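> Structure file target-v8.cif (mmCIF, C-alpha atoms) right here:
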data_upload
loop_
_atom_site.label_atom_id
_atom_site.label_comp_id
_atom_site.auth_asym_id
_atom_site.auth_seq_id
_atom_site.Cartn_x
_atom_site.Cartn_y
_atom_site.Cartn_z
CA MET A 1 -3.70 -30.34 -96.48
CA ASN A 2 -2.97 -28.83 -93.10
CA GLU A 3 -1.81 -31.78 -91.07
CA PRO A 4 -1.10 -35.51 -91.19
CA ASP A 5 -4.28 -37.38 -92.05
CA PHE A 6 -5.20 -39.72 -89.21
CA ASN A 7 -8.58 -40.33 -90.84
CA LYS A 8 -6.98 -42.17 -93.76
CA SER A 9 -5.20 -44.44 -91.29
CA GLU A 10 -5.26 -44.44 -87.50
CA LEU A 11 -1.57 -45.25 -87.45
CA ILE A 12 0.90 -43.25 -89.49
CA PRO A 13 4.47 -44.42 -90.12
CA VAL A 14 7.14 -42.14 -88.71
CA ILE A 15 10.73 -42.02 -89.91
CA ALA A 16 13.20 -40.89 -87.25
CA GLN A 17 16.38 -39.28 -88.53
CA ASP A 18 19.34 -38.13 -86.46
CA GLU A 19 19.46 -34.36 -86.81
CA SER A 20 23.21 -33.94 -86.79
CA SER A 21 24.47 -36.97 -88.73
CA GLY A 22 21.50 -37.49 -91.04
CA VAL A 23 21.47 -41.20 -90.20
CA VAL A 24 18.04 -42.80 -90.51
CA LEU A 25 17.48 -44.31 -87.08
CA MET A 26 14.21 -46.23 -87.19
CA LEU A 27 10.64 -46.43 -88.39
CA ALA A 28 7.73 -46.59 -85.98
CA TYR A 29 4.10 -45.44 -85.84
CA MET A 30 2.04 -42.68 -84.27
CA ASN A 31 -1.67 -42.39 -83.67
CA ARG A 32 -3.17 -38.94 -83.15
CA GLU A 33 -2.59 -39.08 -79.40
CA ALA A 34 1.10 -39.90 -79.81
CA TYR A 35 1.43 -37.14 -82.40
CA GLU A 36 -0.16 -34.55 -80.14
CA GLU A 37 2.00 -35.61 -77.20
CA THR A 38 5.13 -35.37 -79.33
CA LEU A 39 4.28 -31.81 -80.39
CA LYS A 40 3.49 -30.81 -76.83
CA THR A 41 6.43 -32.37 -75.01
CA LYS A 42 8.95 -32.14 -77.88
CA ARG A 43 9.99 -35.66 -77.04
CA VAL A 44 9.06 -38.35 -79.54
CA CYS A 45 6.16 -40.55 -78.49
CA TYR A 46 5.12 -43.45 -80.73
CA TYR A 47 2.25 -45.91 -80.60
CA SER A 48 3.46 -49.45 -80.06
CA ARG A 49 1.55 -51.84 -82.34
CA SER A 50 2.66 -54.89 -80.35
CA ARG A 51 1.85 -53.47 -76.93
CA GLN A 52 -1.10 -51.43 -78.23
CA LYS A 53 -0.32 -48.38 -76.17
CA LEU A 54 1.68 -45.16 -76.27
CA TRP A 55 5.40 -45.76 -76.40
CA ARG A 56 7.45 -42.93 -75.01
CA LYS A 57 10.70 -43.82 -76.73
CA GLY A 58 13.45 -44.19 -74.15
CA GLU A 59 11.12 -44.41 -71.15
CA GLU A 60 12.88 -47.60 -70.09
CA SER A 61 16.40 -47.17 -71.44
CA GLY A 62 16.66 -43.41 -70.94
CA ASN A 63 17.52 -43.04 -74.62
CA VAL A 64 14.81 -40.52 -75.42
CA GLN A 65 14.47 -38.70 -78.72
CA GLU A 66 14.33 -34.93 -78.44
CA LEU A 67 12.31 -33.41 -81.26
CA ASN A 68 14.16 -30.91 -83.41
CA ALA A 69 11.81 -30.76 -86.37
CA ILE A 70 8.74 -32.57 -87.70
CA TYR A 71 7.46 -32.87 -91.27
CA PHE A 72 4.70 -34.67 -93.12
CA ASP A 73 4.75 -35.80 -96.71
CA CYS A 74 2.85 -34.85 -99.85
CA ASP A 75 0.21 -37.53 -99.25
CA ALA A 76 -0.14 -36.56 -95.56
CA ASP A 77 0.27 -40.20 -94.61
CA THR A 78 3.87 -40.33 -93.36
CA LEU A 79 5.81 -38.29 -90.81
CA LEU A 80 9.50 -37.48 -90.58
CA VAL A 81 11.00 -36.44 -87.26
CA LYS A 82 14.50 -35.04 -86.92
CA VAL A 83 15.75 -35.82 -83.47
CA LYS A 84 18.58 -35.69 -81.04
CA GLN A 85 18.98 -39.31 -79.99
CA VAL A 86 20.05 -39.30 -76.35
CA GLY A 87 22.57 -42.08 -75.67
CA GLY A 88 23.46 -42.28 -79.34
CA ALA A 89 21.57 -45.50 -80.08
CA ALA A 90 17.97 -45.83 -81.25
CA CYS A 91 17.89 -49.59 -81.72
CA HIS A 92 17.00 -51.93 -78.87
CA GLU A 93 19.82 -54.15 -80.10
CA GLY A 94 22.30 -51.42 -79.15
CA TYR A 95 23.08 -50.00 -82.58
CA GLN A 96 22.74 -46.33 -83.55
CA SER A 97 20.28 -47.28 -86.27
CA CYS A 98 17.81 -50.13 -86.56
CA PHE A 99 18.98 -50.44 -90.18
CA PHE A 100 22.29 -52.12 -89.43
CA ARG A 101 21.78 -55.12 -91.71
CA ARG A 102 22.87 -54.43 -95.26
CA ILE A 103 21.80 -56.73 -98.06
CA ASP A 104 24.06 -57.53 -100.99
CA PRO A 105 21.75 -57.20 -104.01
CA ASP A 106 23.58 -59.90 -105.97
CA THR A 107 24.00 -62.59 -103.32
CA LYS A 108 21.53 -61.47 -100.62
CA ALA A 109 24.36 -61.94 -98.13
CA LEU A 110 24.13 -59.71 -95.05
CA THR A 111 26.76 -57.51 -93.50
CA VAL A 112 26.42 -55.62 -90.24
CA GLU A 113 27.23 -51.92 -90.49
CA GLY A 114 27.94 -49.87 -87.39
CA GLU A 115 29.13 -50.66 -83.89
CA ARG A 116 27.09 -51.70 -80.88
CA ILE A 117 26.87 -48.60 -78.69
CA PHE A 118 25.37 -50.41 -75.71
CA ASP A 119 24.86 -53.98 -74.60
CA PRO A 120 21.11 -54.71 -74.65
CA ASN A 121 21.42 -57.12 -71.71
CA GLU A 122 22.85 -54.40 -69.50
CA VAL A 123 20.22 -51.83 -70.48
CA TYR A 124 17.09 -53.96 -70.52
CA GLY A 125 18.15 -56.94 -68.40
CA ASN A 126 17.56 -60.51 -69.50
CA LYS A 127 14.04 -60.51 -70.76
CA MET B 1 16.63 -63.24 -89.63
CA ASN B 2 18.08 -63.44 -93.09
CA GLU B 3 15.84 -61.13 -95.07
CA PRO B 4 12.86 -58.79 -94.85
CA ASP B 5 9.82 -60.72 -93.65
CA PHE B 6 7.11 -60.59 -96.30
CA ASN B 7 5.17 -63.22 -94.37
CA LYS B 8 4.48 -60.81 -91.51
CA SER B 9 3.10 -58.31 -93.99
CA GLU B 10 2.77 -58.55 -97.77
CA LEU B 11 3.73 -54.90 -98.08
CA ILE B 12 6.80 -53.53 -96.32
CA PRO B 13 7.43 -49.80 -95.92
CA VAL B 14 10.58 -48.57 -97.65
CA ILE B 15 12.42 -45.38 -96.73
CA ALA B 16 14.34 -43.83 -99.62
CA GLN B 17 17.31 -41.69 -98.69
CA ASP B 18 19.52 -39.69 -101.02
CA GLU B 19 22.94 -41.32 -100.86
CA SER B 20 25.04 -38.18 -101.20
CA SER B 21 23.06 -35.56 -99.22
CA GLY B 22 21.43 -37.86 -96.65
CA VAL B 23 18.06 -36.22 -97.33
CA VAL B 24 15.09 -38.51 -96.67
CA LEU B 25 13.24 -38.46 -99.98
CA MET B 26 10.06 -40.48 -99.51
CA LEU B 27 8.34 -43.49 -98.04
CA ALA B 28 6.68 -46.11 -100.20
CA TYR B 29 6.03 -49.86 -100.11
CA MET B 30 7.41 -53.03 -101.64
CA ASN B 31 5.94 -56.48 -101.97
CA ARG B 32 8.26 -59.42 -102.55
CA GLU B 33 8.10 -59.02 -106.31
CA ALA B 34 9.09 -55.34 -106.14
CA TYR B 35 11.88 -56.21 -103.72
CA GLU B 36 13.28 -58.94 -105.98
CA GLU B 37 13.10 -56.68 -109.01
CA THR B 38 14.91 -53.91 -107.13
CA LEU B 39 17.76 -56.25 -106.19
CA LYS B 40 18.01 -57.60 -109.72
CA THR B 41 17.82 -54.33 -111.69
CA LYS B 42 19.41 -52.07 -109.05
CA ARG B 43 16.68 -49.57 -109.79
CA VAL B 44 14.09 -49.05 -107.10
CA CYS B 45 10.72 -50.63 -107.81
CA TYR B 46 7.85 -50.12 -105.36
CA TYR B 47 4.36 -51.52 -105.15
CA SER B 48 1.72 -48.86 -105.60
CA ARG B 49 -1.07 -49.34 -103.08
CA SER B 50 -3.42 -47.04 -104.98
CA ARG B 51 -2.81 -48.58 -108.42
CA GLN B 52 -2.26 -52.08 -106.98
CA LYS B 53 0.64 -52.87 -109.22
CA LEU B 54 4.42 -52.60 -109.46
CA TRP B 55 5.60 -49.03 -109.58
CA ARG B 56 8.94 -48.56 -111.29
CA LYS B 57 9.77 -45.21 -109.78
CA GLY B 58 10.49 -42.71 -112.53
CA GLU B 59 8.99 -44.80 -115.33
CA GLU B 60 6.89 -41.81 -116.38
CA SER B 61 9.00 -38.84 -115.30
CA GLY B 62 12.40 -40.39 -116.02
CA ASN B 63 13.41 -39.62 -112.44
CA VAL B 64 14.46 -43.14 -111.55
CA GLN B 65 16.18 -44.13 -108.32
CA GLU B 66 19.43 -46.00 -108.77
CA LEU B 67 20.08 -48.34 -105.89
CA ASN B 68 23.31 -47.77 -104.01
CA ALA B 69 22.59 -49.78 -100.87
CA ILE B 70 19.70 -51.61 -99.24
CA TYR B 71 19.12 -52.42 -95.57
CA PHE B 72 16.40 -53.95 -93.43
CA ASP B 73 15.70 -53.21 -89.81
CA CYS B 74 15.93 -55.17 -86.57
CA ASP B 75 12.31 -56.32 -86.85
CA ALA B 76 12.72 -57.25 -90.52
CA ASP B 77 9.60 -55.26 -91.33
CA THR B 78 11.03 -52.07 -92.85
CA LEU B 79 13.53 -51.41 -95.63
CA LEU B 80 15.92 -48.53 -96.19
CA VAL B 81 17.27 -47.82 -99.66
CA LYS B 82 20.09 -45.40 -100.33
CA VAL B 83 19.69 -44.09 -103.84
CA LYS B 84 20.91 -41.76 -106.50
CA GLN B 85 17.80 -39.78 -107.39
CA VAL B 86 18.01 -39.01 -111.08
CA GLY B 87 16.66 -35.53 -111.83
CA GLY B 88 17.17 -34.49 -108.23
CA ALA B 89 13.51 -34.64 -107.20
CA ALA B 90 11.67 -37.61 -105.74
CA CYS B 91 8.33 -35.93 -105.08
CA HIS B 92 5.62 -35.79 -107.73
CA GLU B 93 5.04 -32.20 -106.62
CA GLY B 94 8.52 -31.32 -107.88
CA TYR B 95 10.40 -31.11 -104.61
CA GLN B 96 13.57 -33.05 -103.80
CA SER B 97 11.83 -34.67 -100.84
CA CYS B 98 8.18 -35.51 -100.25
CA PHE B 99 8.73 -34.16 -96.72
CA PHE B 100 8.69 -30.48 -97.63
CA ARG B 101 5.98 -29.45 -95.18
CA ARG B 102 7.37 -28.63 -91.76
CA ILE B 103 5.05 -28.38 -88.77
CA ASP B 104 5.63 -25.87 -85.99
CA PRO B 105 5.10 -27.94 -82.83
CA ASP B 106 3.68 -24.98 -80.90
CA THR B 107 1.29 -23.49 -83.43
CA LYS B 108 0.94 -26.33 -86.00
CA ALA B 109 1.63 -23.71 -88.67
CA LEU B 110 3.25 -25.09 -91.81
CA THR B 111 6.28 -23.85 -93.67
CA VAL B 112 7.52 -25.19 -96.98
CA GLU B 113 11.20 -26.17 -96.98
CA GLY B 114 13.10 -26.62 -100.20
CA GLU B 115 12.67 -25.39 -103.74
CA ARG B 116 10.60 -26.86 -106.52
CA ILE B 117 13.07 -28.59 -108.84
CA PHE B 118 10.55 -29.22 -111.60
CA ASP B 119 7.07 -28.09 -112.51
CA PRO B 120 4.70 -31.06 -112.13
CA ASN B 121 2.49 -29.81 -114.98
CA GLU B 122 5.39 -29.90 -117.38
CA VAL B 123 6.53 -33.35 -116.35
CA TYR B 124 3.23 -35.14 -115.95
CA GLY B 125 0.93 -32.92 -118.01
CA ASN B 126 -2.41 -31.75 -116.74
CA LYS B 127 -3.97 -34.80 -115.22
#
Please lay out the structure from this file as structure tokens.

Amino acid sequence: MNEPDFNKSELIPVIAQDESSGVVLMLAYMNREAYEETLKTKRVCYYSRSRQKLWRKGEESGNVQELNAIYFDCDADTLLVKVKQVGGAACHEGYQSCFFRRIDPDTKALTVEGERIFDPNEVYGNK
Amino acid sequence: MNEPDFNKSELIPVIAQDESSGVVLMLAYMNREAYEETLKTKRVCYYSRSRQKLWRKGEESGNVQELNAIYFDCDADTLLVKVKQVGGAACHEGYQSCFFRRIDPDTKALTVEGERIFDPNEVYGNK
């Protein structure tokens, strides 16, 4: 087991974690091309399943993810990247983390954790 | 968006993070049944894709994951659980985290990070 196994699945889930705070920022996917580009440029490049093309995280917003470390798991089917999140927010809704909705296990009620770091309308326009 | 969307996909990836250290332990999957059981019992239950049945993490090794908090992401297609990992190791290979193989972006050489907390042969026997 020398590298992530893109033969088992063309797309491998990738967990992005903020290097300094340890906060889990998001989950996205890489194909082999995105993986190779990430290693080469040391900026995280995903594969967008909805747009079906490479997704250089932050190419529009400027909030790129600089690669500090990259790992794969014991089954070689998941990646973990530790990153410096430029701009402080990984989520397109303006939060540091995409996981800002917490579920109460007893009532299933939701609470929002974390502050909006940017206003999505200002960064992406009204789309 | 009130809950994770099991209509989009029957299986939703779940990131498990150690509550106290912030270490990302593993990635696995839940179907709705596993999700409901996790909320109810406050012990993490996954769905094993290979065995095609509910996987009560730790049912064999005793290394269960006690649920401290559960989140879903902005697309409602990924879960994050913050857990207390009983026994200290989430990986069946005996490491705290399944992400113990670090890739050098320049050379693709691997280094192992972290210590083995248990010996898999002792916990699972020779299988």
> Please enumerate the residues selected by the PyMOL selection byres ((chain B) within 9 of (chain A)) when evaluated against the supplied file, formatted as a VMD selection string.
chain B and resid 2 to 3 13 15 17 21 to 24 26 to 27 36 38 to 40 42 69 to 75 78 to 80 91 to 93 97 to 106 108 to 110
> What is the distance between CA of Glu59 in chain A and CA of Glu10 in chain A, in Å to one decimal?
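We find that CA of Glu59 in chain A and CA of Glu10 in chain A lie 23.1 Å from each other.
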> Hey, what comes out of the PyMOL selection byres ((chain A and resi 47-57) around 10) on this file? Could you write it as a ChimeraX atom specification?
/A:11-13,28-35,37-38,43-46,58-66,85,90
> Just C-alpha atoms for this one: save the residues we selected as a compact mmCIF listing (two decimals), in the frame of the given file.

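Ended up saving to part_26.txt:
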# COMPACT_ATOMS: atom_id res chain seq x y z
CA LEU A 11 -1.57 -45.25 -87.45
CA ILE A 12 0.90 -43.25 -89.49
CA PRO A 13 4.47 -44.42 -90.12
CA ALA A 28 7.73 -46.59 -85.98
CA TYR A 29 4.10 -45.44 -85.84
CA MET A 30 2.04 -42.68 -84.27
CA ASN A 31 -1.67 -42.39 -83.67
CA ARG A 32 -3.17 -38.94 -83.15
CA GLU A 33 -2.59 -39.08 -79.40
CA ALA A 34 1.10 -39.90 -79.81
CA TYR A 35 1.43 -37.14 -82.40
CA GLU A 37 2.00 -35.61 -77.20
CA THR A 38 5.13 -35.37 -79.33
CA ARG A 43 9.99 -35.66 -77.04
CA VAL A 44 9.06 -38.35 -79.54
CA CYS A 45 6.16 -40.55 -78.49
CA TYR A 46 5.12 -43.45 -80.73
CA GLY A 58 13.45 -44.19 -74.15
CA GLU A 59 11.12 -44.41 -71.15
CA GLU A 60 12.88 -47.60 -70.09
CA SER A 61 16.40 -47.17 -71.44
CA GLY A 62 16.66 -43.41 -70.94
CA ASN A 63 17.52 -43.04 -74.62
CA VAL A 64 14.81 -40.52 -75.42
CA GLN A 65 14.47 -38.70 -78.72
CA GLU A 66 14.33 -34.93 -78.44
CA GLN A 85 18.98 -39.31 -79.99
CA ALA A 90 17.97 -45.83 -81.25
> Which one of B:Tyr124, B:Gly114, B:Asp119, B:Lys82 sits closest to Gly94 in chain B if you count only C-alpha atoms?
B:Asp119
> So how many Å separate CA of Gly88 in chain A and CA of Gly125 in chain A, to one decimal?
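Here the two named atoms are 19.0 Å from each other.
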> Please, what distance in Å, to one decimal, runs between CA of Lys8 in chain B and CA of Gln96 in chain A?
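Going from CA of Lys8 in chain B over to CA of Gln96 in chain A covers 24.6 Å.
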